[in-house]
$ cat structure.cif   # mmCIF, C-alpha atoms
data_run
#
loop_
_atom_site.group_PDB
_atom_site.id
_atom_site.type_symbol
_atom_site.label_atom_id
_atom_site.label_comp_id
_atom_site.auth_asym_id
_atom_site.auth_seq_id
_atom_site.Cartn_x
_atom_site.Cartn_y
_atom_site.Cartn_z
ATOM 1 C CA MET A 1 8.649 38.732 5.084
ATOM 2 C CA ALA A 2 6.035 36.086 4.238
ATOM 3 C CA SER A 3 2.598 37.210 3.111
ATOM 4 C CA ILE A 4 -0.233 37.296 5.630
ATOM 5 C CA ILE A 5 -3.581 35.528 5.378
ATOM 6 C CA ILE A 6 -6.533 37.116 7.188
ATOM 7 C CA ILE A 7 -9.386 34.946 8.427
ATOM 8 C CA ARG A 8 -12.523 36.974 9.074
ATOM 9 C CA GLY A 9 -14.164 35.357 12.094
ATOM 10 C CA GLY A 10 -12.753 33.233 14.883
ATOM 11 C CA GLY A 11 -15.538 30.704 15.460
ATOM 12 C CA ASP A 12 -15.052 26.939 15.549
ATOM 13 C CA LEU A 13 -15.168 26.479 11.767
ATOM 14 C CA ALA A 14 -12.756 29.367 11.170
ATOM 15 C CA SER A 15 -10.444 28.096 13.912
ATOM 16 C CA GLY A 16 -10.148 24.699 12.260
ATOM 17 C CA VAL A 17 -9.157 26.481 9.054
ATOM 18 C CA VAL A 18 -6.565 28.514 10.977
ATOM 19 C CA ILE A 19 -5.014 25.391 12.496
ATOM 20 C CA ARG A 20 -4.793 23.645 9.131
ATOM 21 C CA LEU A 21 -3.076 26.674 7.549
ATOM 22 C CA LEU A 22 -0.659 27.076 10.457
ATOM 23 C CA HIS A 23 0.333 23.419 10.231
ATOM 24 C CA ALA A 24 1.177 24.116 6.580
ATOM 25 C CA GLY A 25 3.593 26.870 7.684
ATOM 26 C CA LEU A 26 1.456 29.898 6.768
ATOM 27 C CA ARG A 27 1.077 33.173 8.708
ATOM 28 C CA VAL A 28 -2.515 33.756 9.775
ATOM 29 C CA VAL A 29 -4.306 36.655 11.458
ATOM 30 C CA ILE A 30 -7.917 36.560 12.696
ATOM 31 C CA THR A 31 -10.310 39.521 12.782
ATOM 32 C CA GLU A 32 -13.285 39.434 15.148
ATOM 33 C CA LEU A 33 -16.134 41.396 16.700
ATOM 34 C CA PRO A 34 -15.691 43.303 19.992
ATOM 35 C CA GLN A 35 -18.116 40.743 21.464
ATOM 36 C CA PRO A 36 -17.773 37.485 19.518
ATOM 37 C CA LEU A 37 -20.792 35.171 19.309
ATOM 38 C CA ALA A 38 -18.932 31.860 19.102
ATOM 39 C CA VAL A 39 -20.771 28.935 20.679
ATOM 40 C CA ARG A 40 -18.079 26.224 20.669
ATOM 41 C CA ARG A 41 -15.800 28.517 22.659
ATOM 42 C CA THR A 42 -13.284 25.845 23.726
ATOM 43 C CA VAL A 43 -12.262 25.422 20.074
ATOM 44 C CA ALA A 44 -12.752 29.014 18.909
ATOM 45 C CA PHE A 45 -9.920 31.546 18.843
ATOM 46 C CA ALA A 46 -12.637 34.197 19.187
ATOM 47 C CA GLU A 47 -12.609 33.438 22.910
ATOM 48 C CA ALA A 48 -9.227 35.201 23.148
ATOM 49 C CA VAL A 49 -11.120 38.505 22.843
ATOM 50 C CA TYR A 50 -12.689 37.805 26.256
ATOM 51 C CA ALA A 51 -9.860 35.894 27.933
ATOM 52 C CA GLY A 52 -6.841 37.742 26.492
ATOM 53 C CA ASN A 53 -5.524 34.497 25.036
ATOM 54 C CA ASN A 54 -6.586 30.891 24.527
ATOM 55 C CA THR A 55 -4.958 27.711 23.289
ATOM 56 C CA ILE A 56 -6.495 25.169 20.922
ATOM 57 C CA GLU A 57 -4.650 21.959 20.124
ATOM 58 C CA GLY A 58 -1.350 23.510 21.161
ATOM 59 C CA ILE A 59 -1.800 26.754 19.203
ATOM 60 C CA THR A 60 -2.300 30.003 21.117
ATOM 61 C CA GLY A 61 -4.418 32.938 20.028
ATOM 62 C CA VAL A 62 -3.649 36.351 21.530
ATOM 63 C CA VAL A 63 -5.998 39.338 21.428
ATOM 64 C CA VAL A 64 -4.941 42.633 19.807
ATOM 65 C CA LYS A 65 -7.373 45.387 20.781
ATOM 66 C CA ASP A 66 -6.011 47.942 18.272
ATOM 67 C CA PRO A 67 -6.230 46.509 14.735
ATOM 68 C CA LEU A 68 -3.731 49.118 13.520
ATOM 69 C CA ASP A 69 -1.080 48.037 16.036
ATOM 70 C CA THR A 70 1.026 46.281 13.412
ATOM 71 C CA PHE A 71 4.047 46.034 15.719
ATOM 72 C CA ARG A 72 2.113 43.941 18.256
ATOM 73 C CA THR A 73 0.544 41.806 15.531
ATOM 74 C CA ILE A 74 3.894 41.004 13.918
ATOM 75 C CA GLY A 75 5.372 40.271 17.355
ATOM 76 C CA ILE A 76 2.683 37.669 18.045
ATOM 77 C CA LEU A 77 3.223 36.091 14.626
ATOM 78 C CA SER A 78 6.967 35.863 15.320
ATOM 79 C CA LYS A 79 6.158 33.622 18.313
ATOM 80 C CA GLN A 80 4.210 31.222 16.058
ATOM 81 C CA GLN A 81 0.986 32.391 17.668
ATOM 82 C CA VAL A 82 -2.241 33.746 16.184
ATOM 83 C CA PRO A 83 -3.129 37.439 16.551
ATOM 84 C CA VAL A 84 -6.872 37.849 17.151
ATOM 85 C CA LEU A 85 -7.648 41.432 16.167
ATOM 86 C CA VAL A 86 -10.749 43.262 17.358
ATOM 87 C CA ASP A 87 -11.500 44.441 13.847
ATOM 88 C CA PRO A 88 -15.080 43.918 12.631
ATOM 89 C CA ASP A 89 -14.524 46.109 9.561
ATOM 90 C CA CYS A 90 -11.246 44.409 8.592
ATOM 91 C CA VAL A 91 -9.328 47.712 8.495
ATOM 92 C CA SER A 92 -6.148 45.761 9.308
ATOM 93 C CA ALA A 93 -6.126 44.183 5.828
ATOM 94 C CA LYS A 94 -4.692 47.350 4.303
ATOM 95 C CA VAL A 95 -1.968 47.965 6.900
ATOM 96 C CA LEU A 96 -0.927 44.306 6.912
ATOM 97 C CA HIS A 97 -1.030 44.095 3.095
ATOM 98 C CA ALA A 98 -2.884 40.788 3.346
ATOM 99 C CA SER A 99 -2.502 38.713 0.203
ATOM 100 C CA VAL A 100 -5.449 36.427 1.035
ATOM 101 C CA ILE A 101 -8.673 37.053 2.934
ATOM 102 C CA VAL A 102 -10.924 34.157 3.941
ATOM 103 C CA ASP A 103 -14.405 35.232 5.013
ATOM 104 C CA ALA A 104 -15.279 32.575 7.597
ATOM 105 C CA ARG A 105 -17.857 34.539 9.568
ATOM 106 C CA MET A 106 -20.694 32.292 8.363
ATOM 107 C CA THR A 107 -23.128 35.213 8.203
ATOM 108 C CA LYS A 108 -24.897 33.454 5.296
ATOM 109 C CA SER A 109 -25.172 36.800 3.514
ATOM 110 C CA PRO A 110 -23.053 38.470 0.799
ATOM 111 C CA PRO A 111 -19.926 40.248 2.086
ATOM 112 C CA GLU A 112 -19.863 44.006 2.455
ATOM 113 C CA PRO A 113 -17.041 46.062 0.834
ATOM 114 C CA ILE A 114 -14.005 46.598 3.093
ATOM 115 C CA GLY A 115 -12.082 49.080 0.955
ATOM 116 C CA TYR A 116 -9.273 46.669 0.201
ATOM 117 C CA VAL A 117 -8.788 44.109 -2.563
ATOM 118 C CA PRO A 118 -6.432 41.200 -1.772
ATOM 119 C CA GLN A 119 -4.951 38.925 -4.406
ATOM 120 C CA LEU A 120 -7.433 36.251 -3.346
ATOM 121 C CA TYR A 121 -10.749 36.553 -1.498
ATOM 122 C CA LEU A 122 -12.391 33.278 -0.446
ATOM 123 C CA GLY A 123 -15.860 32.882 1.058
ATOM 124 C CA LEU A 124 -17.082 30.011 3.211
ATOM 125 C CA GLY A 125 -20.649 28.812 3.019
ATOM 126 C CA PRO A 126 -23.981 30.077 1.697
ATOM 127 C CA ALA A 127 -24.354 33.433 -0.125
ATOM 128 C CA PHE A 128 -20.827 33.341 -1.558
ATOM 129 C CA ILE A 129 -20.647 32.938 -5.332
ATOM 130 C CA GLY A 130 -17.332 32.280 -7.005
ATOM 131 C CA GLY A 131 -16.569 34.871 -9.680
ATOM 132 C CA GLN A 132 -19.154 37.310 -8.312
ATOM 133 C CA ASN A 133 -18.807 38.382 -4.667
ATOM 134 C CA CYS A 134 -15.597 36.405 -4.078
ATOM 135 C CA GLN A 135 -13.033 34.702 -6.258
ATOM 136 C CA ALA A 136 -13.877 31.262 -4.924
ATOM 137 C CA ALA A 137 -16.542 29.906 -2.581
ATOM 138 C CA ILE A 138 -16.240 26.780 -0.441
ATOM 139 C CA GLU A 139 -18.979 24.367 0.575
ATOM 140 C CA THR A 140 -19.377 24.060 4.348
ATOM 141 C CA ARG A 141 -22.452 21.840 4.579
ATOM 142 C CA ARG A 142 -21.921 18.169 5.414
ATOM 143 C CA SER A 143 -22.532 16.250 2.198
ATOM 144 C CA HIS A 144 -20.586 14.742 -0.685
ATOM 145 C CA THR A 145 -19.734 18.320 -1.708
ATOM 146 C CA LEU A 146 -18.256 19.362 1.658
ATOM 147 C CA GLY A 147 -14.963 21.147 1.020
ATOM 148 C CA ARG A 148 -15.537 21.667 -2.703
ATOM 149 C CA VAL A 149 -14.001 24.833 -4.127
ATOM 150 C CA TYR A 150 -16.233 26.749 -6.548
ATOM 151 C CA TRP A 151 -14.463 29.259 -8.791
ATOM 152 C CA LYS A 152 -17.801 29.695 -10.564
ATOM 153 C CA GLY A 153 -21.083 29.334 -8.725
ATOM 154 C CA GLY A 154 -21.348 28.552 -5.054
ATOM 155 C CA PRO A 155 -22.353 26.240 -2.226
ATOM 156 C CA GLU A 156 -25.849 25.025 -1.434
ATOM 157 C CA ALA A 157 -28.262 27.728 -0.314
ATOM 158 C CA ASP A 158 -28.948 28.109 3.386
ATOM 159 C CA THR A 159 -31.792 25.777 4.395
ATOM 160 C CA GLY A 160 -32.354 27.543 7.703
ATOM 161 C CA LYS A 161 -32.116 24.157 9.425
ATOM 162 C CA PRO A 162 -29.181 22.799 11.460
ATOM 163 C CA GLU A 163 -27.374 19.655 10.385
ATOM 164 C CA GLY A 164 -28.486 16.511 12.211
ATOM 165 C CA ASP A 165 -31.064 16.537 15.021
ATOM 166 C CA PRO A 166 -32.473 20.080 15.234
ATOM 167 C CA GLN A 167 -33.048 19.612 18.971
ATOM 168 C CA ARG A 168 -29.293 19.729 19.571
ATOM 169 C CA VAL A 169 -29.206 23.457 18.750
ATOM 170 C CA LEU A 170 -30.196 25.718 21.628
ATOM 171 C CA ARG A 171 -31.678 29.114 20.780
ATOM 172 C CA ALA A 172 -32.487 32.201 22.785
ATOM 173 C CA PRO A 173 -36.181 32.112 23.817
ATOM 174 C CA ALA A 174 -36.267 35.904 24.216
ATOM 175 C CA ASP A 175 -34.209 39.067 23.908
ATOM 176 C CA GLY A 176 -31.937 39.575 26.881
ATOM 177 C CA GLU A 177 -28.754 38.796 28.766
ATOM 178 C CA VAL A 178 -27.463 35.232 28.844
ATOM 179 C CA LEU A 179 -27.086 33.752 32.340
ATOM 180 C CA ALA A 180 -25.288 30.407 32.340
ATOM 181 C CA HIS A 181 -26.370 27.504 34.552
ATOM 182 C CA ALA A 182 -24.020 24.911 33.018
ATOM 183 C CA GLU A 183 -20.501 24.744 31.599
ATOM 184 C CA ILE A 184 -19.119 23.455 28.328
ATOM 185 C CA GLY A 185 -18.082 19.814 28.761
ATOM 186 C CA GLN A 186 -20.719 19.128 31.415
ATOM 187 C CA HIS A 187 -22.998 16.088 31.154
ATOM 188 C CA LEU A 188 -26.677 17.018 31.192
ATOM 189 C CA GLU A 189 -29.868 15.080 31.745
ATOM 190 C CA THR A 190 -33.156 15.846 30.002
ATOM 191 C CA GLY A 191 -34.711 19.005 31.422
ATOM 192 C CA GLN A 192 -31.593 20.160 33.243
ATOM 193 C CA PRO A 193 -31.206 23.989 33.117
ATOM 194 C CA ILE A 194 -28.441 25.251 30.819
ATOM 195 C CA ALA A 195 -29.029 28.980 30.606
ATOM 196 C CA GLU A 196 -31.570 31.671 31.368
ATOM 197 C CA ILE A 197 -32.607 34.705 29.327
ATOM 198 C CA ALA A 198 -35.157 37.281 30.480
ATOM 199 C CA GLY A 199 -36.430 34.830 33.078
ATOM 200 C CA GLN A 200 -36.925 32.032 30.556
ATOM 201 C CA VAL A 201 -34.899 28.873 31.133
ATOM 202 C CA VAL A 202 -33.204 26.946 28.332
ATOM 203 C CA SER A 203 -33.120 23.248 29.287
ATOM 204 C CA ALA A 204 -31.441 20.146 27.870
ATOM 205 C CA PRO A 205 -33.750 18.505 25.292
ATOM 206 C CA PHE A 206 -32.119 15.086 25.778
ATOM 207 C CA PRO A 207 -29.209 13.543 27.720
ATOM 208 C CA GLY A 208 -25.811 14.542 26.401
ATOM 209 C CA LEU A 209 -22.794 16.790 26.659
ATOM 210 C CA LEU A 210 -22.915 20.570 26.515
ATOM 211 C CA ARG A 211 -20.543 21.036 23.581
ATOM 212 C CA GLY A 212 -21.031 24.765 23.209
ATOM 213 C CA LEU A 213 -22.498 27.775 25.004
ATOM 214 C CA ILE A 214 -22.271 31.426 24.014
ATOM 215 C CA HIS A 215 -20.248 33.698 26.311
ATOM 216 C CA PRO A 216 -22.270 34.452 29.476
ATOM 217 C CA GLY A 217 -23.265 38.062 29.968
ATOM 218 C CA LEU A 218 -23.908 38.804 26.321
ATOM 219 C CA THR A 219 -27.195 40.406 25.332
ATOM 220 C CA VAL A 220 -28.710 38.390 22.498
ATOM 221 C CA PRO A 221 -31.810 38.582 20.294
ATOM 222 C CA ARG A 222 -34.566 35.990 20.382
ATOM 223 C CA GLY A 223 -33.825 33.017 18.112
ATOM 224 C CA LEU A 224 -30.028 33.373 18.129
ATOM 225 C CA LYS A 225 -28.106 30.121 18.484
ATOM 226 C CA ILE A 226 -26.655 30.102 22.002
ATOM 227 C CA GLY A 227 -25.679 26.485 22.598
ATOM 228 C CA ASP A 228 -25.150 22.982 21.286
ATOM 229 C CA ILE A 229 -25.820 19.571 22.893
ATOM 230 C CA ASP A 230 -23.890 16.475 21.758
ATOM 231 C CA PRO A 231 -25.580 13.080 22.375
ATOM 232 C CA ARG A 232 -22.238 11.274 21.941
ATOM 233 C CA ASP A 233 -21.409 12.484 25.454
ATOM 234 C CA ASP A 234 -17.647 12.421 24.856
ATOM 235 C CA PRO A 235 -15.880 15.299 26.694
ATOM 236 C CA ARG A 236 -12.749 14.919 24.535
ATOM 237 C CA LEU A 237 -14.666 16.357 21.594
ATOM 238 C CA CYS A 238 -15.007 19.710 23.370
ATOM 239 C CA ASN A 239 -11.288 20.366 22.907
ATOM 240 C CA LEU A 240 -10.809 19.103 19.350
ATOM 241 C CA VAL A 241 -11.560 21.070 16.198
ATOM 242 C CA SER A 242 -14.109 19.211 14.093
ATOM 243 C CA ASP A 243 -13.515 16.987 11.096
ATOM 244 C CA LYS A 244 -15.734 19.395 9.170
ATOM 245 C CA SER A 245 -13.570 22.437 9.959
ATOM 246 C CA LEU A 246 -10.401 20.558 8.987
ATOM 247 C CA ALA A 247 -12.014 19.497 5.697
ATOM 248 C CA VAL A 248 -12.936 23.105 4.961
ATOM 249 C CA GLY A 249 -9.412 24.139 5.969
ATOM 250 C CA GLY A 250 -8.025 21.701 3.416
ATOM 251 C CA ALA A 251 -10.213 23.299 0.766
ATOM 252 C CA VAL A 252 -8.939 26.759 1.710
ATOM 253 C CA LEU A 253 -5.350 25.519 1.412
ATOM 254 C CA GLU A 254 -6.155 23.970 -1.990
ATOM 255 C CA ALA A 255 -7.649 27.232 -3.256
ATOM 256 C CA ILE A 256 -4.657 29.259 -2.095
ATOM 257 C CA LEU A 257 -2.052 26.895 -3.552
ATOM 258 C CA SER A 258 -3.884 26.686 -6.862
ATOM 259 C CA ARG A 259 -2.726 30.266 -7.484
ATOM 260 C CA PRO A 260 0.965 30.042 -8.555
ATOM 261 C CA GLU A 261 1.611 33.744 -7.940
ATOM 262 C CA LEU A 262 0.745 33.284 -4.249
ATOM 263 C CA ARG A 263 2.855 30.237 -3.426
ATOM 264 C CA LEU A 264 6.364 31.649 -3.003
ATOM 265 C CA PRO A 265 5.451 34.853 -1.086
ATOM 266 C CA LEU A 266 3.522 32.809 1.493
ATOM 267 C CA TRP A 267 6.679 31.070 2.700
ATOM 268 C CA MET A 268 9.350 33.743 2.100
#

$ encode --input "structure.cif" --output "C-alpha cells"
Amino acid sequence: MASIIIIRGGGDLASGVVIRLLHAGLRVVITELPQPLAVRRTVAFAEAVYAGNNTIEGITGVVVKDPLDTFRTIGILSKQQVPVLVDPDCVSAKVLHASVIVDARMTKSPPEPIGYVPQLYLGLGPAFIGGQNCQAAIETRRSHTLGRVYWKGGPEADTGKPEGDPQRVLRAPADGEVLAHAEIGQHLETGQPIAEIAGQVVSAPFPGLLRGLIHPGLTVPRGLKIGDIDPRDDPRLCNLVSDKSLAVGGAVLEAILSRPELRLPLWM
C-alpha cells in the first residue's frame, strides 16, 4: 500500500496543494476543524465538513467524522477521492502511519506537538523555520520567493497586512454569529450588504465579485477575516484554485521528492 500524506487544513491554499499532489498520483488525506473557517469555500475541501462532500476541479472531498475510522478513510482513497477528517489534533497520523505531514493551516504560529513524528514534516508560511520546528518551510507570500523551500531558515515574517488592496479583505466588525446577505460569485456594488454580525453590517468597499465568505451561522471574534472581494469581477475564478496555491503545491512536491527514501513508498 502506498504511503499517505496528511495535509493539516483544508482551506483554499491547502486545497491547491492537495490537487497538485493528487495529479502527481499521491494519496492525500486532509485533517480539519469541526467548524472550518475557510473563506474561499468554493475551492476549499474544508467545506466538505459542512456539506458532506464537495468537488473542486473534478476532485471530490468526502467528510470522515471519526478520524480513527481507518476503514472509511481507505475506502474513500480507493475511489481516488480525498478524505476530509474532522481531526483538529491530527490523531489520525498515527493510525494511518503518515509518511509526510504538511501543515497548511496558515495559523502563522509555531506548530504544537501532535505525538507523532513522520518521515517529513513541512510547514507553509510564517512562523515555520526549517531545521527547527519543521524539516522544511515553504514561502507562501507573493514575491520572487513564493514557493521557495527552506531546509534552513524560513519564509518572510507575517506583516499583518493582506496582499494587494487591503480593502478587499472583509473582517468581522464585532463578536457574534455571521448572517449572510450575499453569496460567493455574486457581483456587488459599493455599499451593498454582504453580511451582518451582532447587528453591524459588512458592506462592499468597492464594486466587484464576492470571491469568498465564511460559512454562515458561525460565531466569530471581532477582526477575523470573513470575506474577500475581487475587483476583477470574473465569476470563473470562484471555482478555480489559485496560481499561488498551485505554486506552493509544486514546492511541496519538490520537497517530498527531494527525499530519496520517500519516493518509492509513495507510489507502491

$ residues_around --input "structure.cif" --residues "Val220 in chain A" --least-positions-apart "3" --cutoff "10 Å" --atoms "only C-alpha atoms" --output "number ranges by chain"
A: 37, 171-178, 197, 214, 217, 223-226

$ closest_residue --input "structure.cif" --among "A:Pro235, A:Gly123, A:Arg142, A:Ala182" --to "Ala195 in chain A" --atoms "only C-alpha atoms"
A:Ala182

$ atom_distance --input "structure.cif" --atom1 "CA of Arg20 in chain A" --atom2 "CA of Gly130 in chain A"
22.2 Å

$ atom_distance --input "structure.cif" --atom1 "CA of Val102 in chain A" --atom2 "CA of Arg222 in chain A"
28.9 Å

$ residues_around --input "structure.cif" --residues "Gly191 in chain A" --least-positions-apart "4" --cutoff "12 Å" --atoms "only C-alpha atoms" --output "list in words"
Ala195, Val201, Val202, Ser203, Ala204, Pro205, Phe206, Pro207 and Gly208 of chain A

$ write_last_selection --input "structure.cif" --atoms "C-alpha atoms" --output "compact mmCIF listing (two decimals), in the frame of the given file"
# COMPACT_ATOMS: atom_id res chain seq x y z
CA ALA A 195 -29.03 28.98 30.61
CA VAL A 201 -34.90 28.87 31.13
CA VAL A 202 -33.20 26.95 28.33
CA SER A 203 -33.12 23.25 29.29
CA ALA A 204 -31.44 20.15 27.87
CA PRO A 205 -33.75 18.50 25.29
CA PHE A 206 -32.12 15.09 25.78
CA PRO A 207 -29.21 13.54 27.72
CA GLY A 208 -25.81 14.54 26.40

$ residues_around --input "structure.cif" --residues "range 48-50 of chain A" --least-positions-apart "3" --cutoff "6 Å" --atoms "only C-alpha atoms" --output "count of residues only"
5

$ residues_around --input "structure.cif" --residues "Glu47 in chain A" --least-positions-apart "3" --cutoff "12 Å" --atoms "all atoms listed in the file" --output "JSON, numbers by chain"
{"A": [9, 10, 11, 12, 15, 30, 32, 33, 34, 35, 36, 37, 38, 39, 40, 41, 42, 43, 44, 50, 51, 52, 53, 54, 55, 56, 60, 61, 62, 63, 84, 85, 86, 213, 214, 215, 216]}

$ atom_distance --input "structure.cif" --atom1 "CA of Gly154 in chain A" --atom2 "CA of Phe128 in chain A"
6.0 Å
